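To keep things clear, I will list the structure first and then write my remarks on it.
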Amino acid sequence: MSFSLFGDKFTRHTGIARLMEDMDEGLRTPGAVMLGGGNPAQIPAMDDYFHQLLLQMHQEGKLTEALCNYDGPRGKALLLDALATLLREELGWQISPKNIALTNGSQSAFFYLFNLYAGRRADSSKKRVLFPLTPEYLGYADAGLDEDLFIAARPNIELLPEGQFKYHVDFDHLSITDEIGLICVSRPTNPTGNVITDEELLHLDMLAQQHDIPLLIDNAYGLPFPGIIFSEARPLWNPNIILCMSLSKLGLPGARCGIIVADEKVIDAIGNMNGIISLAPGSVGPAIATEMIQRGDLLRLSETVIKPFYQQRVQETISIIRRYLPQDRCLIHKPEGAIFLWLWFKDLPITTELLYQRLKQRGVLMVPGHFFFPGLAHDWPHMHQCMRMNYVPEGEKIERAIIILAEEIERAWDER
Ligand code: PLP
């Protein structure tokens, strides 16, 4: 069987495909501890809330209405209105419903946006997407129609007390050449839990405007919802910024609802792409979100249930790690948001790919660091010394996994 060039590229067994297979396998293996995937937590209070909300929406005929009708290509008009009002009132942004479009998950928004701004142009120049700070989200890595769509910049590393560290954008070495068509950053960042500072964000915004290229901010975990952010950080939007949001980390990944807030021209383009690729985005997630906004629940639950849940889990997980792994064996990226911890096993004698294999054999799944450096031109030892773990499972499971991790780290040092 032979495919087109598109087929060849998009049927490869990518890092993300392997991760999804591992998750599937892990879910079916009794006793396995899955710290690999990006599934949000099943928070009991949110589960109860969704259960009640769906029952009521069903009784009021709102679910059937959502399921039995196509929305427009920019997505459910009621949600676009409600979101524009919410963002205007909460954050003071000058936006109208014409500044918002929905997609089937923000993952598909990245596919649209990367290929809208990067790749071959009519004048035969080629543009690329710049990640100003790697490590970055694994889901970006294969979303380009063209090969080599991404360029990434290594960070500065600040060492912090208590065995923690934080990445910063290395503005001294960040070069924005004519080749760059889009700058993209996740804030909070998957995999590291980093939140680039307000100053860094303003600096990137200024550079993007100076070079007349958009700045894409992936706000899947950020403010004002789902609000999984533990540091002081101001959300930023202006017509040069393309802000991507999602319902997934509220606890609704199956709703596949992404939200793009951008200049009207960008939104028109997204509407046309939606029309061609999916006619219209799905309606059920947007119907739920509209209801949550109208009831005043979206921000309230983000602040009072979702954020405290993750904040407590991350603190518990760090204390478990420190019970078994001292600072000279394992540094931890300062957890400022998102649902992962990023561990740095400095000078580890084996790669984290090998460590991943050994952990997998013992029923523990984490993701080796090297997947999270899309676009980095040169190999960097640091890539092979890091590992991402999801801190969502209960403490007892996390502890079981960390005991095995600590044993495997010691084994690697002993083998030297
Ligand atoms: N952006 C980041 C940084 C993520 O970690 C994820 C999912 O894990 C997404 C976007 C994708 O979200 P969605 O479910 O909306 O496609």
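Labeling convention for the structure tokens: chains A, B, ... as they appear, residues from 1 per chain, ligands from 1 in order of appearance.
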Given 10 Å and only C-alpha atoms and all ligand atoms, residues near ligand 1 as an mmCIF file with C-alpha atoms, in the first residue's frame:
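See result_30.cif below for the written result:
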```cif
data_model
loop_
_atom_site.group_PDB
_atom_site.id
_atom_site.type_symbol
_atom_site.label_atom_id
_atom_site.label_comp_id
_atom_site.auth_asym_id
_atom_site.auth_seq_id
_atom_site.Cartn_x
_atom_site.Cartn_y
_atom_site.Cartn_z
ATOM 1 C CA GLY A 37 -0.579 10.621 29.898
ATOM 2 C CA GLY A 38 -2.210 14.011 30.041
ATOM 3 C CA ASN A 39 -5.616 12.942 31.248
ATOM 4 C CA PRO A 40 -7.002 15.404 33.766
ATOM 5 C CA THR A 103 -12.432 23.887 17.162
ATOM 6 C CA ASN A 104 -12.653 20.184 17.917
ATOM 7 C CA GLY A 105 -10.099 20.376 20.731
ATOM 8 C CA SER A 106 -7.224 22.833 20.838
ATOM 9 C CA GLN A 107 -4.965 20.169 19.286
ATOM 10 C CA SER A 108 -6.752 20.745 15.978
ATOM 11 C CA ALA A 109 -6.431 24.522 16.485
ATOM 12 C CA PHE A 110 -2.631 24.114 16.565
ATOM 13 C CA GLU A 136 7.566 22.357 24.952
ATOM 14 C CA TYR A 137 4.372 20.396 24.449
ATOM 15 C CA LEU A 138 4.845 17.058 22.683
ATOM 16 C CA GLY A 139 1.545 17.499 20.839
ATOM 17 C CA TYR A 140 3.056 20.265 18.679
ATOM 18 C CA VAL A 185 4.443 29.171 23.824
ATOM 19 C CA SER A 186 2.351 27.115 26.252
ATOM 20 C CA ARG A 187 1.645 28.972 29.525
ATOM 21 C CA PRO A 188 1.450 27.056 31.886
ATOM 22 C CA THR A 189 3.792 24.744 30.030
ATOM 23 C CA ASN A 190 3.287 21.069 29.438
ATOM 24 C CA PRO A 191 5.653 19.234 30.299
ATOM 25 C CA THR A 192 7.408 21.402 32.886
ATOM 26 C CA GLY A 193 4.710 23.194 34.882
ATOM 27 C CA ILE A 217 -0.280 31.502 23.652
ATOM 28 C CA ASP A 218 -1.536 28.025 24.487
ATOM 29 C CA ASN A 219 -3.606 28.616 27.611
ATOM 30 C CA ALA A 220 -4.988 25.071 27.987
ATOM 31 C CA TYR A 221 -4.290 25.099 31.769
ATOM 32 C CA GLY A 222 -4.398 28.808 32.428
ATOM 33 C CA CYS A 244 -5.911 29.063 22.532
ATOM 34 C CA MET A 245 -8.037 27.657 25.330
ATOM 35 C CA SER A 246 -9.751 24.343 25.957
ATOM 36 C CA LEU A 247 -12.475 22.654 27.977
ATOM 37 C CA SER A 248 -10.297 19.546 28.395
ATOM 38 C CA LYS A 249 -8.524 20.338 31.638
ATOM 39 C CA GLY A 251 -12.406 17.673 33.192
ATOM 40 C CA LEU A 252 -14.057 17.459 29.761
ATOM 41 C CA PRO A 253 -11.391 16.073 27.386
ATOM 42 C CA GLY A 254 -14.025 13.926 25.677
ATOM 43 C CA ALA A 255 -15.968 17.055 24.697
ATOM 44 C CA ARG A 256 -13.119 17.930 22.274
ATOM 45 C CA CYS A 257 -13.694 21.659 22.502
ATOM 46 C CA GLY A 258 -10.954 24.176 21.799
ATOM 47 C CA ILE A 259 -11.429 27.948 21.852
ATOM 48 C CA ALA A 338 -0.465 22.377 34.591
ATOM 49 C CA ILE A 339 -0.771 18.758 35.711
ATOM 50 C CA PHE A 340 2.800 17.457 35.455
#
```
Exercise. Which polymer residues have any atom within 10 Å of an atom of Glu264 of chain A, counting only C-alpha atoms, with same-chain residues fewer than 4 positions away left out, as a VMD selection string?
Worked result: chain A and resid 95 to 101 239 268 to 270
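Selecting alpha helix (DSSP H) from the backbone DSSP output for segment 178-235 of chain A yields Asp198, Glu199, Glu200, Leu201, Leu202, His203, Leu204, Asp205, Met206, Leu207, Ala208, Gln209 and Gln210 of chain A.
For the choices A:Gly163, A:Ile228, A:Ser283, A:Lys307, the atom-to-atom distance to Lys346 of chain A is smallest for A:Gly163 when using only C-alpha atoms.
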Exercise. What are the DSSP strand (DSSP E) residues of segment 162-340 of chain A, as a ChimeraX atom specification?
Worked result: /A:164-168,180-186,215-218,241-246,258-261,331-333,340
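Ranking A:Gly61, A:Pro326, A:Gly181, A:Gly92 by their shortest atom-to-atom distance to Asn115 of chain A, with only C-alpha atoms included, puts A:Gly181 first.
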Problem set entry | Non-local contacts of segment 118-126 of chain A (7 Å; only C-alpha atoms; under 6 positions in same chain excluded) as a PyMOL selection string | chain A and resi 146+149+179+181-182
Exercise. Skipping near chain neighbours, those fewer than 3 positions away, what residues fall within 7 Å of segment 381-390 of chain A using only C-alpha atoms, listed as a PyMOL selection string?
Worked result: chain A and resi 35-38+191+339-348+351-352+366-370
Using C-alpha atoms, can you write the selected residues to a file as a PDB file, in the first residue's frame?
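File written: out_5.pdb
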```
ATOM      1  CA  LEU A  35       1.954   8.670  35.142  1.00  0.00           C
ATOM      2  CA  GLY A  36       2.495   9.084  31.425  1.00  0.00           C
ATOM      3  CA  GLY A  37      -0.579  10.621  29.898  1.00  0.00           C
ATOM      4  CA  GLY A  38      -2.210  14.011  30.041  1.00  0.00           C
ATOM      5  CA  PRO A 191       5.653  19.234  30.299  1.00  0.00           C
ATOM      6  CA  ILE A 339      -0.771  18.758  35.711  1.00  0.00           C
ATOM      7  CA  PHE A 340       2.800  17.457  35.455  1.00  0.00           C
ATOM      8  CA  LEU A 341       6.055  17.438  37.347  1.00  0.00           C
ATOM      9  CA  TRP A 342       9.273  17.678  35.331  1.00  0.00           C
ATOM     10  CA  LEU A 343      12.119  15.795  36.949  1.00  0.00           C
ATOM     11  CA  TRP A 344      15.768  16.427  36.133  1.00  0.00           C
ATOM     12  CA  PHE A 345      18.155  13.554  36.974  1.00  0.00           C
ATOM     13  CA  LYS A 346      21.314  15.585  36.516  1.00  0.00           C
ATOM     14  CA  ASP A 347      24.290  13.581  35.179  1.00  0.00           C
ATOM     15  CA  LEU A 348      22.305  10.328  35.259  1.00  0.00           C
ATOM     16  CA  THR A 351      19.329   8.113  29.214  1.00  0.00           C
ATOM     17  CA  THR A 352      15.786   8.660  30.419  1.00  0.00           C
ATOM     18  CA  MET A 366       6.356   8.189  32.692  1.00  0.00           C
ATOM     19  CA  VAL A 367       7.476   9.996  29.540  1.00  0.00           C
ATOM     20  CA  PRO A 368      11.195  10.372  28.724  1.00  0.00           C
ATOM     21  CA  GLY A 369      12.308  13.958  28.253  1.00  0.00           C
ATOM     22  CA  HIS A 370      13.647  13.896  24.701  1.00  0.00           C
TER      23      HIS A 370
END
```
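Look at segment 291-300 of chain A: the protein and nucleic acid residues within 7 Å of it, using only C-alpha atoms and passing over chain neighbours fewer than 6 places away, are A:Ala82, A:Pro224, A:Phe225.
With distances restricted to only C-alpha atoms, A:Asn194 is the closest residue to Glu158 of chain A from A:Val364, A:Asn240, A:Asn194, A:Gly227.
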Problem set entry | Shell of 7 Å around Ala152 of chain A, only C-alpha atoms, local chain residues under 4 positions omitted, as an MDAnalysis selection string | chainID A and resid 130:134 374:376
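Picture a line from atom CA of Leu250 of chain A to atom CA of Asp48 of chain A; it runs 13.3 Å.
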Each residue of segment 210-285 of chain A lying at most 12 Å from segment 85-89 of chain A should get a row with its shortest atom-to-atom pair and the distance in Å to one decimal, counting only C-alpha atoms; could you produce that, ordered by chain and increasing number, as CSV?
```
residue,atom,partner,partner_atom,distance
A:Leu223,CA,A:Leu87,CA,10.3
A:Pro224,CA,A:Leu87,CA,8.3
A:Phe225,CA,A:Leu87,CA,10.6
A:Pro235,CA,A:Leu87,CA,10.5
A:Leu236,CA,A:Leu87,CA,11.1
A:Trp237,CA,A:Leu87,CA,10.1
A:Leu243,CA,A:Leu87,CA,11.8
A:Val261,CA,A:Leu87,CA,9.8
```
Write to file, as a CSV table (one decimal), in the first residue's frame, the residues of the selection just made, with N, CA and C atoms.
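After the write, part_15.csv holds the following:
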```
chain,number,residue,atom,x,y,z
A,223,LEU,N,-5.6,30.8,32.9
A,223,LEU,CA,-6.7,31.7,33.4
A,223,LEU,C,-7.5,32.2,32.3
A,224,PRO,N,-8.8,32.5,32.5
A,224,PRO,CA,-9.5,32.4,33.7
A,224,PRO,C,-10.0,31.0,34.0
A,225,PHE,N,-10.0,30.1,33.0
A,225,PHE,CA,-10.4,28.7,33.3
A,225,PHE,C,-9.5,27.8,32.5
A,235,PRO,N,-3.1,37.1,32.6
A,235,PRO,CA,-3.4,36.7,31.2
A,235,PRO,C,-3.2,37.9,30.3
A,236,LEU,N,-2.8,37.7,29.1
A,236,LEU,CA,-2.5,38.8,28.1
A,236,LEU,C,-3.2,38.5,26.8
A,237,TRP,N,-3.9,39.5,26.3
A,237,TRP,CA,-4.4,39.4,24.9
A,237,TRP,C,-4.4,40.7,24.2
A,243,LEU,N,-4.9,33.5,21.3
A,243,LEU,CA,-4.9,32.7,22.5
A,243,LEU,C,-5.8,31.5,22.3
A,261,VAL,N,-9.1,32.7,20.6
A,261,VAL,CA,-9.5,34.2,20.7
A,261,VAL,C,-8.4,34.9,20.0
```
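Atom to atom, atom CA of Asn272 of chain A and atom CA of Gly285 of chain A stand 20.6 Å apart.
The residue that comes closest to Ile277 of chain A, out of A:Ala66, A:Met46, A:Phe111, A:Met1 and on the basis of only C-alpha atoms, is A:Phe111.
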